[in-house]
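Okay, upload00.pdb is below, PDB, C-alpha atoms, pLDDT in the B column:
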```
ATOM      1  CA  MET A   1      15.785 -27.157 -77.798  1.00 85.00           C
ATOM      2  CA  ALA A   2      13.598 -27.252 -74.677  1.00 83.00           C
ATOM      3  CA  GLU A   3      11.061 -29.475 -76.451  1.00 87.00           C
ATOM      4  CA  TRP A   4      13.794 -31.875 -77.544  1.00 86.00           C
ATOM      5  CA  VAL A   5      15.251 -32.033 -74.034  1.00 87.00           C
ATOM      6  CA  ALA A   6      11.823 -32.759 -72.570  1.00 87.00           C
ATOM      7  CA  ARG A   7      11.298 -35.534 -75.115  1.00 90.00           C
ATOM      8  CA  VAL A   8      14.644 -37.310 -74.621  1.00 91.00           C
ATOM      9  CA  GLU A   9      15.249 -36.682 -70.917  1.00 88.00           C
ATOM     10  CA  LYS A  10      13.820 -40.101 -69.954  1.00 89.00           C
ATOM     11  CA  SER A  11      14.986 -41.979 -73.058  1.00 93.00           C
ATOM     12  CA  PRO A  12      17.037 -45.170 -72.685  1.00 95.00           C
ATOM     13  CA  GLN A  13      19.871 -43.633 -74.714  1.00 94.00           C
ATOM     14  CA  LEU A  14      20.261 -40.618 -72.457  1.00 94.00           C
ATOM     15  CA  GLU A  15      19.921 -42.822 -69.386  1.00 95.00           C
ATOM     16  CA  ALA A  16      22.780 -44.968 -70.747  1.00 96.00           C
ATOM     17  CA  HIS A  17      24.916 -41.815 -71.157  1.00 95.00           C
ATOM     18  CA  ARG A  18      24.060 -40.718 -67.612  1.00 95.00           C
ATOM     19  CA  GLU A  19      24.954 -44.144 -66.175  1.00 95.00           C
ATOM     20  CA  ALA A  20      28.240 -44.235 -68.106  1.00 96.00           C
ATOM     21  CA  PHE A  21      29.120 -40.772 -66.784  1.00 95.00           C
ATOM     22  CA  GLY A  22      28.392 -41.922 -63.224  1.00 94.00           C
ATOM     23  CA  ARG A  23      30.559 -45.039 -63.686  1.00 94.00           C
ATOM     24  CA  PHE A  24      33.387 -42.937 -65.110  1.00 94.00           C
ATOM     25  CA  ARG A  25      33.267 -40.539 -62.158  1.00 92.00           C
ATOM     26  CA  THR A  26      33.063 -43.401 -59.658  1.00 90.00           C
ATOM     27  CA  ASN A  27      36.048 -45.168 -61.234  1.00 90.00           C
ATOM     28  CA  ARG A  28      38.077 -41.945 -61.160  1.00 87.00           C
ATOM     29  CA  ARG A  29      37.199 -41.113 -57.555  1.00 86.00           C
ATOM     30  CA  SER A  30      40.123 -40.475 -55.261  1.00 77.00           C
ATOM     31  CA  ASP A  31      40.179 -42.114 -51.844  1.00 76.00           C
ATOM     32  CA  ARG A  32      41.808 -38.969 -50.486  1.00 78.00           C
ATOM     33  CA  LYS A  33      38.610 -37.006 -50.991  1.00 73.00           C
ATOM     34  CA  THR A  34      36.560 -37.421 -47.812  1.00 75.00           C
ATOM     35  CA  SER A  35      33.576 -35.172 -48.585  1.00 79.00           C
ATOM     36  CA  ASP A  36      30.284 -36.404 -49.989  1.00 87.00           C
ATOM     37  CA  PHE A  37      30.613 -37.867 -53.459  1.00 88.00           C
ATOM     38  CA  ASP A  38      28.006 -37.299 -56.149  1.00 89.00           C
ATOM     39  CA  PRO A  39      28.765 -39.420 -59.241  1.00 91.00           C
ATOM     40  CA  LEU A  40      26.651 -37.108 -61.410  1.00 91.00           C
ATOM     41  CA  HIS A  41      28.373 -33.895 -60.327  1.00 91.00           C
ATOM     42  CA  GLY A  42      29.337 -32.107 -63.517  1.00 90.00           C
ATOM     43  CA  TRP A  43      26.870 -34.018 -65.730  1.00 92.00           C
ATOM     44  CA  PRO A  44      26.550 -31.781 -68.801  1.00 92.00           C
ATOM     45  CA  GLY A  45      22.971 -32.755 -69.617  1.00 91.00           C
ATOM     46  CA  ALA A  46      21.015 -33.432 -72.773  1.00 92.00           C
ATOM     47  CA  ARG A  47      21.438 -29.925 -74.229  1.00 93.00           C
ATOM     48  CA  TYR A  48      25.212 -30.145 -74.143  1.00 94.00           C
ATOM     49  CA  ILE A  49      25.282 -33.665 -75.580  1.00 93.00           C
ATOM     50  CA  ALA A  50      23.081 -32.625 -78.516  1.00 92.00           C
ATOM     51  CA  LEU A  51      25.099 -29.488 -79.255  1.00 94.00           C
ATOM     52  CA  HIS A  52      28.420 -31.309 -78.873  1.00 95.00           C
ATOM     53  CA  THR A  53      27.310 -34.005 -81.317  1.00 94.00           C
ATOM     54  CA  LEU A  54      26.093 -31.378 -83.794  1.00 94.00           C
ATOM     55  CA  SER A  55      29.336 -29.411 -83.516  1.00 96.00           C
ATOM     56  CA  HIS A  56      31.416 -32.497 -84.315  1.00 95.00           C
ATOM     57  CA  LEU A  57      29.220 -33.256 -87.321  1.00 95.00           C
ATOM     58  CA  LEU A  58      29.730 -29.682 -88.511  1.00 94.00           C
ATOM     59  CA  ILE A  59      33.494 -29.863 -87.940  1.00 95.00           C
ATOM     60  CA  ARG A  60      33.688 -33.087 -89.937  1.00 93.00           C
ATOM     61  CA  THR A  61      31.642 -31.532 -92.757  1.00 93.00           C
ATOM     62  CA  ILE A  62      33.776 -28.378 -92.811  1.00 93.00           C
ATOM     63  CA  ALA A  63      36.928 -30.485 -92.886  1.00 92.00           C
ATOM     64  CA  LEU A  64      35.665 -32.558 -95.811  1.00 92.00           C
ATOM     65  CA  GLU A  65      34.132 -29.713 -97.817  1.00 92.00           C
ATOM     66  CA  CYS A  66      36.707 -26.981 -97.235  1.00 90.00           C
ATOM     67  CA  GLY A  67      39.897 -28.969 -96.838  1.00 86.00           C
ATOM     68  CA  TYR A  68      40.601 -27.956 -93.250  1.00 84.00           C
ATOM     69  CA  ASN A  69      42.208 -30.426 -90.927  1.00 89.00           C
ATOM     70  CA  SER A  70      39.556 -31.245 -88.311  1.00 89.00           C
ATOM     71  CA  ALA A  71      42.198 -30.960 -85.575  1.00 90.00           C
ATOM     72  CA  SER A  72      42.729 -27.320 -86.533  1.00 91.00           C
ATOM     73  CA  LEU A  73      39.065 -26.478 -85.936  1.00 92.00           C
ATOM     74  CA  ALA A  74      37.930 -25.714 -82.399  1.00 93.00           C
ATOM     75  CA  GLU A  75      34.490 -25.609 -80.877  1.00 95.00           C
ATOM     76  CA  ARG A  76      32.816 -23.563 -78.186  1.00 96.00           C
ATOM     77  CA  ILE A  77      29.473 -24.816 -76.916  1.00 96.00           C
ATOM     78  CA  TYR A  78      26.911 -22.676 -75.115  1.00 95.00           C
ATOM     79  CA  ALA A  79      24.306 -25.090 -73.761  1.00 92.00           C
ATOM     80  CA  GLY A  80      22.225 -22.827 -71.549  1.00 87.00           C
ATOM     81  CA  ASN A  81      19.842 -24.194 -68.916  1.00 84.00           C
ATOM     82  CA  GLU A  82      16.204 -23.933 -67.839  1.00 83.00           C
ATOM     83  CA  GLU A  83      16.616 -20.383 -66.483  1.00 88.00           C
ATOM     84  CA  ASP A  84      18.634 -19.149 -69.479  1.00 89.00           C
ATOM     85  CA  PRO A  85      17.695 -21.378 -72.428  1.00 85.00           C
ATOM     86  CA  ARG A  86      19.928 -19.665 -75.009  1.00 90.00           C
ATOM     87  CA  THR A  87      22.068 -22.157 -76.882  1.00 92.00           C
ATOM     88  CA  GLY A  88      24.731 -21.905 -79.538  1.00 93.00           C
ATOM     89  CA  ILE A  89      27.844 -23.336 -81.151  1.00 95.00           C
ATOM     90  CA  LEU A  90      30.929 -21.413 -82.221  1.00 96.00           C
ATOM     91  CA  ILE A  91      33.426 -23.159 -84.515  1.00 94.00           C
TER      92      ILE A  91
END
```

So that I can check it, write out the structure of this file as structure tokens.
Amino acid sequence: MAEWVARVEKSPQLEAHREAFGRFRTNRRSDRKTSDFDPLHGWPGARYIALHTLSHLLIRTIALECGYNSASLAERIYAGNEEDPRTGILI
């Protein structure tokens, strides 16, 4: 996972996701909040995006193969970070 993150961290696709996240946060900003605003606060990062995409592919496959309704399946994503690189998906 660390190798993949290093490879895609500067990719145009991930940069587009990062910019879209910043625009979303900026558009949702409240004028009542007077402290410093960081549009990338809460950015989940490349690890989370990869695991989230994989989990939805797995949910769709399980729904098609096993007959479950995809809305009845839930996901839990453990993305880790540089200090604790453990990752996982629980469906």

Starting from the displayed file, determine the output of the PyMOL selection byres ((chain A and resi 51) around 10) and express the residue list as a list in words.
Met1, Ala46, Arg47, Tyr48, Ile49, Ala50, His52, Thr53, Leu54, Ser55, His56, Leu57, Arg76, Ile77, Tyr78, Ala79, Thr87, Gly88 and Ile89 of chain A

Write out as a ChimeraX atom specification which residues come within 12 Å of A:Glu3 when counting all atoms listed in the file, dropping same-chain ones fewer than 3 positions away.
/A:6-9,46-47,82,85

Show me the residues around (27.3, -34.2, -63.5) - criterion: an atom at most 10 Å away, all atoms listed in the file counted - as a list of chain:residue names.
A:Arg18, A:Phe21, A:Gly22, A:Arg25, A:Asp38, A:Pro39, A:Leu40, A:His41, A:Gly42, A:Trp43, A:Pro44, A:Gly45

Could you give me, as a tab-separated table (two decimals) with C-alpha atoms, in the frame of the given file, the residues that have an atom at most 12 Å away from the point (37.3, -25.8, -88.7) in the coordinates of the file, using only C-alpha atoms?
```tsv
chain	number	residue	atom	x	y	z
A	55	SER	CA	29.34	-29.41	-83.52
A	56	HIS	CA	31.42	-32.50	-84.32
A	57	LEU	CA	29.22	-33.26	-87.32
A	58	LEU	CA	29.73	-29.68	-88.51
A	59	ILE	CA	33.49	-29.86	-87.94
A	60	ARG	CA	33.69	-33.09	-89.94
A	61	THR	CA	31.64	-31.53	-92.76
A	62	ILE	CA	33.78	-28.38	-92.81
A	63	ALA	CA	36.93	-30.48	-92.89
A	64	LEU	CA	35.66	-32.56	-95.81
A	65	GLU	CA	34.13	-29.71	-97.82
A	66	CYS	CA	36.71	-26.98	-97.24
A	67	GLY	CA	39.90	-28.97	-96.84
A	68	TYR	CA	40.60	-27.96	-93.25
A	69	ASN	CA	42.21	-30.43	-90.93
A	70	SER	CA	39.56	-31.24	-88.31
A	71	ALA	CA	42.20	-30.96	-85.58
A	72	SER	CA	42.73	-27.32	-86.53
A	73	LEU	CA	39.06	-26.48	-85.94
A	74	ALA	CA	37.93	-25.71	-82.40
A	75	GLU	CA	34.49	-25.61	-80.88
A	76	ARG	CA	32.82	-23.56	-78.19
A	90	LEU	CA	30.93	-21.41	-82.22
A	91	ILE	CA	33.43	-23.16	-84.52
```

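For the atom pair formed by atom CA of A:Thr26 and atom CA of A:Leu14, the distance is 18.3 Å, given to one decimal.
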
What separates atom CA of A:Arg28 and atom CA of A:Ala16 is a distance of 18.3 Å
